[in-house]
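work_17.tsv follows (TSV, C-alpha atoms):
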```
chain	number	residue	atom	x	y	z
I	1	MET	CA	124.06	80.11	83.52
I	2	GLN	CA	123.44	77.91	80.50
I	3	VAL	CA	120.21	78.34	78.55
I	4	LYS	CA	119.03	75.89	75.90
I	5	THR	CA	117.44	77.57	72.88
I	6	THR	CA	115.97	76.18	69.69
I	7	ARG	CA	117.31	78.94	67.45
I	8	PHE	CA	120.78	79.51	68.96
I	9	GLY	CA	121.69	76.25	70.68
I	10	ILE	CA	123.02	76.33	74.22
I	11	LEU	CA	124.06	79.82	75.34
I	12	ASN	CA	125.99	81.02	78.36
I	13	VAL	CA	124.08	83.97	79.79
I	14	GLU	CA	125.34	86.18	82.57
I	15	GLU	CA	122.77	86.65	85.33
I	16	GLU	CA	123.07	90.45	85.07
I	17	LYS	CA	121.98	90.28	81.40
I	18	MET	CA	118.56	88.90	82.35
I	19	LEU	CA	115.42	91.04	82.10
I	20	VAL	CA	112.27	90.38	84.09
I	21	PHE	CA	108.85	90.89	82.55
I	22	PRO	CA	106.51	90.46	85.55
I	23	SER	CA	103.44	90.39	83.26
I	24	GLY	CA	105.15	88.40	80.49
I	25	MET	CA	104.70	89.36	76.85
I	26	VAL	CA	101.36	89.52	75.05
I	27	GLY	CA	100.35	85.91	74.46
I	28	PHE	CA	103.09	84.62	76.78
I	29	PRO	CA	102.07	85.74	80.28
I	30	HIS	CA	103.77	82.70	81.85
I	31	LEU	CA	107.26	83.61	80.55
I	32	HIS	CA	108.93	86.26	82.69
I	33	ASP	CA	112.68	86.02	82.13
I	34	TYR	CA	114.37	87.11	78.88
I	35	PHE	CA	117.78	88.03	77.54
I	36	PHE	CA	119.04	89.52	74.29
I	37	VAL	CA	120.94	87.72	71.56
I	38	PRO	CA	122.41	89.98	68.86
I	39	ALA	CA	121.22	89.31	65.33
I	40	GLN	CA	124.23	87.96	63.49
I	41	GLY	CA	125.68	90.49	61.05
I	42	ASN	CA	123.11	93.18	61.87
I	43	ASP	CA	123.29	95.63	64.76
I	44	VAL	CA	119.79	97.07	64.18
I	45	PHE	CA	117.95	93.89	65.19
I	46	ALA	CA	118.28	91.61	68.21
I	47	TRP	CA	116.48	88.54	69.49
I	48	MET	CA	114.79	88.61	72.87
I	49	GLN	CA	114.96	84.98	74.01
I	50	ALA	CA	112.81	83.50	76.76
I	51	GLN	CA	114.94	81.78	79.39
I	52	ASN	CA	112.40	79.08	80.23
I	53	ASP	CA	111.11	78.17	76.76
I	54	PRO	CA	113.69	77.30	74.12
I	55	ASP	CA	111.17	77.90	71.32
I	56	VAL	CA	110.22	81.47	72.25
I	57	ALA	CA	112.34	84.30	70.87
I	58	PHE	CA	111.09	87.64	69.59
I	59	LEU	CA	112.91	89.57	66.88
I	60	MET	CA	113.20	93.14	68.17
I	61	VAL	CA	114.12	96.50	66.69
I	62	ASP	CA	114.55	100.08	67.85
I	63	PRO	CA	111.44	101.55	66.16
I	64	PHE	CA	112.96	105.04	65.92
I	65	VAL	CA	115.45	103.77	63.32
I	66	PHE	CA	112.57	103.20	60.88
I	67	PHE	CA	109.91	105.52	62.32
I	68	PRO	CA	111.65	108.64	63.68
I	69	ASP	CA	108.30	110.29	64.49
I	70	TYR	CA	107.05	107.32	66.53
I	71	ASP	CA	105.48	108.68	69.70
I	72	VAL	CA	105.24	106.53	72.82
I	73	LYS	CA	103.42	108.07	75.74
I	74	LEU	CA	103.85	106.24	79.04
I	75	ASN	CA	101.28	106.88	81.73
I	76	LYS	CA	102.13	107.15	85.41
I	77	GLY	CA	100.97	103.59	86.07
I	78	ILE	CA	103.47	102.15	83.56
I	79	CYS	CA	106.27	104.38	84.85
I	80	ASP	CA	105.54	103.30	88.42
I	81	PHE	CA	105.32	99.61	87.43
I	82	LEU	CA	108.71	99.81	85.70
I	83	GLN	CA	110.17	102.05	88.43
I	84	ILE	CA	111.12	104.66	85.83
I	85	ARG	CA	112.52	107.78	87.47
I	86	ASP	CA	114.18	109.35	84.44
I	87	GLN	CA	113.75	109.07	80.67
I	88	SER	CA	117.39	108.01	80.34
I	89	GLU	CA	116.49	104.69	82.02
I	90	VAL	CA	114.10	103.71	79.23
I	91	THR	CA	114.68	101.61	76.15
I	92	ILE	CA	111.79	101.18	73.73
I	93	LEU	CA	111.73	98.31	71.25
I	94	THR	CA	109.12	96.74	69.04
I	95	THR	CA	108.57	93.17	67.98
I	96	VAL	CA	109.17	92.37	64.31
I	97	THR	CA	107.37	89.87	62.12
I	98	ILE	CA	108.88	88.36	58.98
I	99	PRO	CA	106.07	87.04	56.77
I	100	PRO	CA	107.03	83.75	55.06
I	101	ARG	CA	105.97	84.80	51.55
I	102	GLU	CA	107.53	88.26	51.46
I	103	GLY	CA	110.54	87.57	53.67
I	104	VAL	CA	112.67	90.54	54.70
I	105	ARG	CA	110.92	92.85	52.21
I	106	GLY	CA	107.64	92.40	54.08
I	107	MET	CA	108.98	92.76	57.63
I	108	THR	CA	106.65	94.63	59.95
I	109	ALA	CA	106.99	96.23	63.36
I	110	ASN	CA	104.29	96.20	66.01
I	111	LEU	CA	104.01	99.88	66.89
I	112	LEU	CA	100.74	99.35	68.78
I	113	ALA	CA	102.42	97.31	71.51
I	114	PRO	CA	105.98	98.49	72.16
I	115	VAL	CA	108.24	96.78	74.66
I	116	VAL	CA	109.33	99.25	77.31
I	117	ILE	CA	112.41	98.34	79.33
I	118	ASN	CA	113.89	100.04	82.33
I	119	HIS	CA	117.45	98.94	81.54
I	120	VAL	CA	118.76	100.27	84.87
I	121	ARG	CA	116.46	98.00	86.89
I	122	ALA	CA	116.29	95.20	84.24
I	123	VAL	CA	112.50	95.14	84.17
I	124	GLY	CA	110.23	95.36	81.15
I	125	ARG	CA	106.66	95.36	79.98
I	126	GLN	CA	104.88	95.19	76.66
I	127	VAL	CA	102.47	98.12	76.57
I	128	ILE	CA	99.36	98.29	74.39
I	129	MET	CA	98.76	101.88	73.28
I	130	ASP	CA	95.00	101.84	72.73
I	131	GLY	CA	93.72	104.87	70.85
I	132	SER	CA	97.17	105.74	69.50
I	133	GLY	CA	96.34	105.08	65.86
I	134	TYR	CA	99.26	102.66	65.57
I	135	LYS	CA	98.78	99.14	64.21
I	136	ILE	CA	100.44	95.81	64.87
I	137	LYS	CA	101.91	95.75	61.35
I	138	HIS	CA	103.89	98.73	60.07
I	139	THR	CA	106.10	97.81	57.11
I	140	LEU	CA	109.79	98.44	57.79
I	141	PHE	CA	111.05	98.33	54.22
I	142	SER	CA	108.07	99.68	52.27
I	143	HIS	CA	110.48	101.22	49.76
I	144	LEU	CA	111.50	97.67	48.74
I	145	LEU	CA	107.98	96.57	47.89
I	146	LYS	CA	106.88	96.74	44.26
I	147	ASP	CA	104.04	99.17	43.49
I	148	SER	CA	101.55	96.32	43.15
I	149	GLU	CA	102.62	94.84	46.51
I	150	ARG	CA	102.41	98.25	48.16
I	151	ARG	CA	98.80	98.68	46.97
I	152	ALA	CA	97.91	95.16	48.13
I	153	CYS	CA	99.38	95.83	51.56
I	154	GLY	CA	97.26	98.92	52.03
```

Can I see the file as structure tokens?
Amino acid sequence: MQVKTTRFGILNVEEEKMLVFPSGMVGFPHLHDYFFVPAQGNDVFAWMQAQNDPDVAFLMVDPFVFFPDYDVKLNKGICDFLQIRDQSEVTILTTVTIPPREGVRGMTANLLAPVVINHVRAVGRQVIMDGSGYKIKHTLFSHLLKDSERRACG
């Protein structure tokens, strides 16, 4: 199928590459169908593009690349919702924000609300981990920030 996107133009997407988010993403409950577009020249990041809104694409990353001790606990309700039978079926990603002023140096990952995907059944859900201690903005490249910027960012 052909999908029109603002960021990538018109893309040919195979039906089996589609993911369904029955509850949508936080802030986008009306958008249920997504697919991945690799980030050009970078295999760590990928875009998760909404099929039905050309303007909506989330930059995603495997959080364990930057935060190896990241701990995601999925309750039975989430596992049942996503039809997870085995841990090997699960892919966990986080949304990334690139602040205009800092650019790549100030990129943050939302560790509070990871995106959990059952890649076997092609279904996903963004999960808010209340009480986890994680925030919506964890700096990916804190080692690139100057000392003064690091203090300002907390």

Item to check | Pick from I:Thr108, I:Gln126, I:Gln83, I:Gln2 nearest to Pro29 of chain I, counting all atoms listed in the file | outcome: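 Result for the nearest residue to Pro29 of chain I: I:Gln126.
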
For the interface of segment 115-141 of chain I with segment 59-75 of chain I (cut-off 12 Å, counting all atoms listed in the file), please tabulate each contacting residue of segment 115-141 of chain I alongside its nearest pair of atoms and their separation in Å to one decimal, rows sorted by chain and increasing number, as JSON lines.
```
{"residue": "I:Val115", "atom": "CA", "partner": "I:Met60", "partner_atom": "CA", "distance": 8.9}
{"residue": "I:Val116", "atom": "CA", "partner": "I:Leu74", "partner_atom": "CA", "distance": 9.0}
{"residue": "I:Ile117", "atom": "CA", "partner": "I:Leu74", "partner_atom": "CA", "distance": 11.7}
{"residue": "I:Arg125", "atom": "CA", "partner": "I:Leu74", "partner_atom": "CA", "distance": 11.3}
{"residue": "I:Gln126", "atom": "CA", "partner": "I:Leu74", "partner_atom": "CA", "distance": 11.4}
{"residue": "I:Val127", "atom": "CA", "partner": "I:Leu74", "partner_atom": "CA", "distance": 8.6}
{"residue": "I:Ile128", "atom": "CA", "partner": "I:Val72", "partner_atom": "CA", "distance": 10.2}
{"residue": "I:Met129", "atom": "CA", "partner": "I:Val72", "partner_atom": "CA", "distance": 8.0}
{"residue": "I:Asp130", "atom": "CA", "partner": "I:Lys73", "partner_atom": "CA", "distance": 10.9}
{"residue": "I:Gly131", "atom": "CA", "partner": "I:Lys73", "partner_atom": "CA", "distance": 11.3}
{"residue": "I:Ser132", "atom": "CA", "partner": "I:Val72", "partner_atom": "CA", "distance": 8.8}
{"residue": "I:Gly133", "atom": "CA", "partner": "I:Asp71", "partner_atom": "CA", "distance": 10.5}
{"residue": "I:Tyr134", "atom": "CA", "partner": "I:Tyr70", "partner_atom": "CA", "distance": 9.1}
{"residue": "I:Lys135", "atom": "CA", "partner": "I:Tyr70", "partner_atom": "CA", "distance": 11.9}
{"residue": "I:His138", "atom": "CA", "partner": "I:Phe67", "partner_atom": "CA", "distance": 9.3}
{"residue": "I:Thr139", "atom": "CA", "partner": "I:Phe66", "partner_atom": "CA", "distance": 9.2}
{"residue": "I:Leu140", "atom": "CA", "partner": "I:Phe66", "partner_atom": "CA", "distance": 6.3}
{"residue": "I:Phe141", "atom": "CA", "partner": "I:Phe66", "partner_atom": "CA", "distance": 8.4}
```

Checklist outcome for this item: Atom pair atom CA of Tyr34 of chain I + atom CA of Gln51 of chain I, distance 5.4 Å

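Here atom CA of Arg105 of chain I and atom CA of Gly27 of chain I stand 25.6 Å from one another.
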
Checklist entry - Quick one, how far is atom CA of Gly103 of chain I from atom CA of Phe8 of chain I? => result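 A separation of 20.1 Å between them.
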
Next on the checklist: With all atoms listed in the file as the counted atoms, please give the residues lying no more than 9 Å from Gly24 of chain I, apart from itself and same-chain residues fewer than 4 positions off, as a list of chain:residue names.
Outcome noted: I:Val20, I:Phe28, I:Pro29, I:His30, I:Leu31, I:His32, I:Asp33, I:Gly124, I:Arg125, I:Gln126

Next on the checklist: List as number ranges by chain the protein and nucleic acid residues near Asp53 of chain I, meaning an atom at most 9 Å away when all atoms listed in the file are counted, but skip any in the same chain fewer than 6 places from it.
Outcome noted: I: 4-6, 31

Next on the checklist: Let me make sure I understand: among I:Glu14, I:Phe45, I:Asp55, I:Arg85, which one has the smallest atom-to-atom distance to Met107 of chain I if we use only C-alpha atoms?
Outcome noted: I:Phe45

Next on the checklist: Nearest residue to Phe21 of chain I out of I:Ile92, I:Ile136, I:Val3, I:Val123, using all atoms listed in the file?
Outcome noted: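 Comparing I:Ile92, I:Ile136, I:Val3, I:Val123 against Phe21 of chain I, the winner is I:Val123.
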
Please, could N, CA and C atoms be added to segment 25-39 of chain I and the result written as a short mmCIF file (atom, residue, chain, number, x, y, z; two decimals), in the frame of the given file?
```cif
data_model
loop_
_atom_site.label_atom_id
_atom_site.label_comp_id
_atom_site.auth_asym_id
_atom_site.auth_seq_id
_atom_site.Cartn_x
_atom_site.Cartn_y
_atom_site.Cartn_z
N MET I 25 104.96 88.66 78.11
CA MET I 25 104.70 89.36 76.85
C MET I 25 103.28 89.01 76.43
N VAL I 26 102.70 89.80 75.54
CA VAL I 26 101.36 89.52 75.05
C VAL I 26 101.35 88.11 74.44
N GLY I 27 100.45 87.29 74.93
CA GLY I 27 100.35 85.91 74.46
C GLY I 27 101.25 84.94 75.21
N PHE I 28 102.15 85.45 76.02
CA PHE I 28 103.09 84.62 76.78
C PHE I 28 103.18 85.10 78.24
N PRO I 29 102.05 85.19 78.92
CA PRO I 29 102.07 85.74 80.28
C PRO I 29 102.84 84.88 81.28
N HIS I 30 103.08 83.63 80.94
CA HIS I 30 103.77 82.70 81.85
C HIS I 30 105.29 82.78 81.74
N LEU I 31 105.81 83.49 80.73
CA LEU I 31 107.26 83.61 80.55
C LEU I 31 107.70 84.99 81.05
N HIS I 32 108.56 85.00 82.05
CA HIS I 32 108.93 86.26 82.69
C HIS I 32 110.38 86.67 82.51
N ASP I 33 111.25 85.73 82.19
CA ASP I 33 112.68 86.02 82.13
C ASP I 33 113.20 85.93 80.69
N TYR I 34 113.88 87.00 80.25
CA TYR I 34 114.37 87.11 78.88
C TYR I 34 115.79 87.64 78.88
N PHE I 35 116.46 87.44 77.76
CA PHE I 35 117.78 88.03 77.54
C PHE I 35 117.92 88.28 76.04
N PHE I 36 118.85 89.16 75.69
CA PHE I 36 119.04 89.52 74.29
C PHE I 36 120.17 88.72 73.66
N VAL I 37 119.93 88.37 72.40
CA VAL I 37 120.94 87.72 71.56
C VAL I 37 121.08 88.59 70.32
N PRO I 38 122.25 89.13 70.05
CA PRO I 38 122.41 89.98 68.86
C PRO I 38 122.08 89.21 67.58
N ALA I 39 121.48 89.91 66.64
CA ALA I 39 121.22 89.31 65.33
C ALA I 39 122.55 89.30 64.58
#
```
